[in-house]
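*Asks:* Provided herewith is a single structure, encoded as structure tokens, for subsequent inquiry.
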Amino acid sequence: MTDLAHSATRRRASFGGWLIADRQRVQTVVTLFVLVLMVVVFGLINGRFFTVTNFQNLARNTAPLIISACAMTAVMVARGLDLSVGSVLAASSVVAASLAVKGVPLPLAFLGGLVFGGLIGFANGWIIVRMRVSPIIVTLGSLNIARGIAYLITPSAILVGLPPRWSDIGTSNLGPFPVPILIALAVVAVYAWISRRTKFGKHIYAVGGNEEAARLSGISVDRTLIILYVLSGVMAALAGIVLSTRVGSGDPNIGIGFELAVIAAVIIGGTSLSGGEGRILGTVIGAVIIGTLSNGLNLAGVEPFWQYVAQGMVLIAAVVLDRRVNEQVMRLGARS
């Protein structure tokens, strides 16, 4: 009996150690299972869900979310948060559209939007690290500032009269693949490479794991955080350009609530609210879950307001799951 007890203890310790080491892999598998289940359910509810046209629409609609969520993942891994991405998305797209209307060549107009997003991100990061202000407060303030700038640029609401090629990015296909999702996949590849293969990626996880220890080991914590917020602003601007070229106008009203969808995608994907943990692959699956939920409910004829309710419930469920998993891992770690 004693040997059996010791054997059982060793098995529990081994399982606990495996779960701690592969926690994110387990969460990725779970979220992938949830995604597959959602696809099956929505396909049974409405046969149009499995059409090529619908999958192309799903890819176009999800691309901006994937782009911004990749940047948000890096920010949250480093124990940061950026609530301004929805407003930066809108303001950057309006900046690009206003430049295009004035005759600026489209590449330069798009570059202007990206620069604007980067400047907002730099301001966020600089205030957070230099003034030691909570990222929630700083980015909540810039959320309102960026949205106000969008309305100031175009007080008549929607910018029209854009060049004919304005919509090429948002509506074109490369073979069967929409250009927006190809842009999103390129962003995913870059962020996956940064997080797994570069020294900067290791610095991100070190800062999120223990900021003071990262400082003592020679990592420039302030510079790392500022770069992350700049990239978050640039990716929000890129998401805005992709979205505005899809709708064919510069609209200061787009992106309202976008930041909540981005945060939900990141948390569903397994990024820990306490920092130090997160995977780009999990975030992509989380973003696709959010996009599939919206797409499937649309096809099912559910009113848009109920979709907000569903997204809010998914976000709360993801946060609760994250907390429970962390508690369980801590218990198993203590037993091991």
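Order determines the names: the first chain of the structure tokens is A, the second B, and so forth; residues in each chain are numbered 1 upward, and ligands are numbered 1 upward as they are shown.
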Which residues are near Ile256 of chain A? Cut-off 9 Å, only C-alpha atoms, ignore same chain within fewer than 5 positions. Put them as JSON, numbers by chain.
*Replies:* {"A": [86, 87, 90]}
*Asks:* Store the residues of this selection in a file with C-alpha atoms, as a compact mmCIF listing (two decimals), in the first residue's frame.
*Replies:*
# COMPACT_ATOMS: atom_id res chain seq x y z
CA GLY A 86 -10.37 51.10 -31.14
CA SER A 87 -10.07 54.88 -31.21
CA ALA A 90 -10.69 55.06 -36.26
*Asks:* Which residues are close to segment 104-118 of chain A, i.e. within 8 Å by only C-alpha atoms, leaving aside same-chain residues fewer than 4 positions away? Reply as a list in words.
*Replies:*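 The neighbour list is Val88, Leu89, Ser92, Ser93, Val94, Val95, Ala96, Ala97, Leu99, Ala100, Phe122, Trp166, Val230, Leu231, Ser232, Gly233, Val234, Met235, Ala236, Ala237, Leu238 and Ile241 of chain A.
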*Asks:* Take the residues from that selection and put them in a file with N, CA and C atoms, as a PDB file, in the first residue's frame.
*Replies:*
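The resulting part37.pdb:
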ATOM      1  N   VAL A  88      -7.740  54.571 -31.871  1.00  0.00           N
ATOM      2  CA  VAL A  88      -6.584  54.757 -32.754  1.00  0.00           C
ATOM      3  C   VAL A  88      -6.886  54.192 -34.130  1.00  0.00           C
ATOM      4  N   LEU A  89      -7.573  53.055 -34.155  1.00  0.00           N
ATOM      5  CA  LEU A  89      -8.019  52.474 -35.431  1.00  0.00           C
ATOM      6  C   LEU A  89      -8.832  53.484 -36.231  1.00  0.00           C
ATOM      7  N   SER A  92      -6.690  56.837 -37.117  1.00  0.00           N
ATOM      8  CA  SER A  92      -5.656  56.592 -38.127  1.00  0.00           C
ATOM      9  C   SER A  92      -6.273  56.418 -39.506  1.00  0.00           C
ATOM     10  N   SER A  93      -7.400  55.721 -39.572  1.00  0.00           N
ATOM     11  CA  SER A  93      -8.054  55.542 -40.868  1.00  0.00           C
ATOM     12  C   SER A  93      -8.588  56.871 -41.400  1.00  0.00           C
ATOM     13  N   VAL A  94      -9.068  57.733 -40.506  1.00  0.00           N
ATOM     14  CA  VAL A  94      -9.553  59.048 -40.920  1.00  0.00           C
ATOM     15  C   VAL A  94      -8.392  59.925 -41.386  1.00  0.00           C
ATOM     16  N   VAL A  95      -7.252  59.842 -40.688  1.00  0.00           N
ATOM     17  CA  VAL A  95      -6.063  60.583 -41.114  1.00  0.00           C
ATOM     18  C   VAL A  95      -5.660  60.159 -42.525  1.00  0.00           C
ATOM     19  N   ALA A  96      -5.579  58.846 -42.755  1.00  0.00           N
ATOM     20  CA  ALA A  96      -5.209  58.339 -44.079  1.00  0.00           C
ATOM     21  C   ALA A  96      -6.223  58.762 -45.137  1.00  0.00           C
ATOM     22  N   ALA A  97      -7.504  58.690 -44.801  1.00  0.00           N
ATOM     23  CA  ALA A  97      -8.542  59.054 -45.768  1.00  0.00           C
ATOM     24  C   ALA A  97      -8.513  60.542 -46.087  1.00  0.00           C
ATOM     25  N   LEU A  99      -5.941  62.524 -45.999  1.00  0.00           N
ATOM     26  CA  LEU A  99      -4.783  62.774 -46.851  1.00  0.00           C
ATOM     27  C   LEU A  99      -5.062  62.333 -48.289  1.00  0.00           C
ATOM     28  N   ALA A 100      -5.726  61.195 -48.439  1.00  0.00           N
ATOM     29  CA  ALA A 100      -6.044  60.699 -49.781  1.00  0.00           C
ATOM     30  C   ALA A 100      -7.008  61.629 -50.503  1.00  0.00           C
ATOM     31  N   PHE A 122       3.464  55.851 -28.890  1.00  0.00           N
ATOM     32  CA  PHE A 122       4.636  56.383 -28.198  1.00  0.00           C
ATOM     33  C   PHE A 122       4.223  57.238 -27.007  1.00  0.00           C
ATOM     34  N   TRP A 166      -8.783  53.223 -53.495  1.00  0.00           N
ATOM     35  CA  TRP A 166      -8.776  53.195 -52.034  1.00  0.00           C
ATOM     36  C   TRP A 166      -9.194  51.830 -51.495  1.00  0.00           C
ATOM     37  N   VAL A 230       4.257  51.503 -28.997  1.00  0.00           N
ATOM     38  CA  VAL A 230       4.360  52.057 -30.347  1.00  0.00           C
ATOM     39  C   VAL A 230       3.849  51.045 -31.364  1.00  0.00           C
ATOM     40  N   LEU A 231       4.281  49.787 -31.228  1.00  0.00           N
ATOM     41  CA  LEU A 231       3.830  48.745 -32.150  1.00  0.00           C
ATOM     42  C   LEU A 231       2.321  48.515 -32.037  1.00  0.00           C
ATOM     43  N   SER A 232       1.796  48.619 -30.825  1.00  0.00           N
ATOM     44  CA  SER A 232       0.350  48.475 -30.645  1.00  0.00           C
ATOM     45  C   SER A 232      -0.403  49.569 -31.399  1.00  0.00           C
ATOM     46  N   GLY A 233       0.107  50.813 -31.323  1.00  0.00           N
ATOM     47  CA  GLY A 233      -0.515  51.906 -32.066  1.00  0.00           C
ATOM     48  C   GLY A 233      -0.419  51.713 -33.570  1.00  0.00           C
ATOM     49  N   VAL A 234       0.742  51.258 -34.042  1.00  0.00           N
ATOM     50  CA  VAL A 234       0.932  51.039 -35.483  1.00  0.00           C
ATOM     51  C   VAL A 234       0.022  49.916 -35.976  1.00  0.00           C
ATOM     52  N   MET A 235      -0.083  48.831 -35.216  1.00  0.00           N
ATOM     53  CA  MET A 235      -0.948  47.719 -35.630  1.00  0.00           C
ATOM     54  C   MET A 235      -2.425  48.101 -35.577  1.00  0.00           C
ATOM     55  N   ALA A 236      -2.819  48.927 -34.612  1.00  0.00           N
ATOM     56  CA  ALA A 236      -4.200  49.420 -34.590  1.00  0.00           C
ATOM     57  C   ALA A 236      -4.467  50.285 -35.816  1.00  0.00           C
ATOM     58  N   ALA A 237      -3.464  51.100 -36.196  1.00  0.00           N
ATOM     59  CA  ALA A 237      -3.607  51.922 -37.402  1.00  0.00           C
ATOM     60  C   ALA A 237      -3.704  51.054 -38.649  1.00  0.00           C
ATOM     61  N   LEU A 238      -2.886  50.007 -38.727  1.00  0.00           N
ATOM     62  CA  LEU A 238      -2.953  49.092 -39.873  1.00  0.00           C
ATOM     63  C   LEU A 238      -4.311  48.411 -39.934  1.00  0.00           C
ATOM     64  N   ILE A 241      -6.745  50.873 -41.355  1.00  0.00           N
ATOM     65  CA  ILE A 241      -6.620  51.042 -42.811  1.00  0.00           C
ATOM     66  C   ILE A 241      -7.271  49.863 -43.536  1.00  0.00           C
TER      67      ILE A 241
END
*Asks:* Which residue is closest to Arg48 of chain A? Choose from A:Val284, A:Ala184, A:Ala300, A:Ala146 and count only C-alpha atoms.
*Replies:* A:Ala300
*Asks:* Can you tell me which residues surround Phe55 of chain A at a distance of at most 12 Å, considering only C-alpha atoms, apart from same-chain residues fewer than 3 positions away, and format the answer as a list in words?
*Replies:*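 Counting only the stated atoms, we get Val39, Gly43, Arg48, Phe49, Phe50, Thr51, Val52, Leu58, Ala59, Arg60, Asn61, Thr62, Pro176, Phe177, Pro178, Ile181, Val288, Gly291, Thr292, Asn295 and Gly296 of chain A.
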*Asks:* Choose the residue, out of A:Gly125, A:Pro64, A:Gly47, A:Gly170, that has the smallest atom-to-atom separation from Val247 of chain A; count only C-alpha atoms.
*Replies:*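 For Val247 of chain A, the nearest of the given residues is A:Gly170.
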*Asks:* Which residues, written as a PyMOL selection string, have at least one atom at most 9 Å from Met72 of chain A, with only C-alpha atoms counted and residues fewer than 5 positions away on the same chain left out?
*Replies:* chain A and resi 77+80-82+85+228-229+232+262-263+266
*Asks:* Could the residues in this selection be written to a file with C-alpha atoms, as a tab-separated table (two decimals), in the first residue's frame?
*Replies:*
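Dumped everything to result-v6.tsv:
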chain	number	residue	atom	x	y	z
A	77	VAL	CA	2.55	39.53	-21.81
A	80	GLY	CA	0.56	46.21	-19.96
A	81	LEU	CA	-2.82	47.05	-21.45
A	82	ASP	CA	-3.90	49.27	-24.34
A	85	VAL	CA	-6.77	50.61	-29.98
A	228	LEU	CA	5.47	47.58	-27.42
A	229	TYR	CA	3.02	50.49	-27.13
A	232	SER	CA	0.35	48.48	-30.65
A	262	VAL	CA	-9.21	42.52	-29.03
A	263	ILE	CA	-8.75	41.94	-25.30
A	266	VAL	CA	-6.10	37.69	-26.38
*Asks:* Hey, what's within 12 Å of Ala287 of chain A if we count only C-alpha atoms and toss same-chain stuff fewer than 2 positions away? As an MDAnalysis selection string, please?
*Replies:* chainID A and resid 31:32 35 58:59 61:70 72:73 184 188 258 260:270 280:285 289:294 311 314:315
*Asks:* Work out how far atom CA of Arg147 of chain A is from atom CA of Arg79 of chain A, in Å to one decimal.
*Replies:*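 One can read the atom CA of Arg79 of chain A to atom CA of Arg147 of chain A distance as 24.8 Å.
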*Asks:* Within segment 91-182 of chain A, find each residue whose DSSP state, derived from the backbone, is strand (DSSP E or B), and express the selection as a ChimeraX atom specification.
*Replies:* /A:159,173-174,177-178
*Asks:* Measuring between only C-alpha atoms, which one of A:Leu37, A:Met313, A:Ile45, A:Gln56 shows the shortest distance to Leu299 of chain A?
*Replies:*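 Looking only at the distances to Leu299 of chain A, the closest residue turns out to be A:Ile45.
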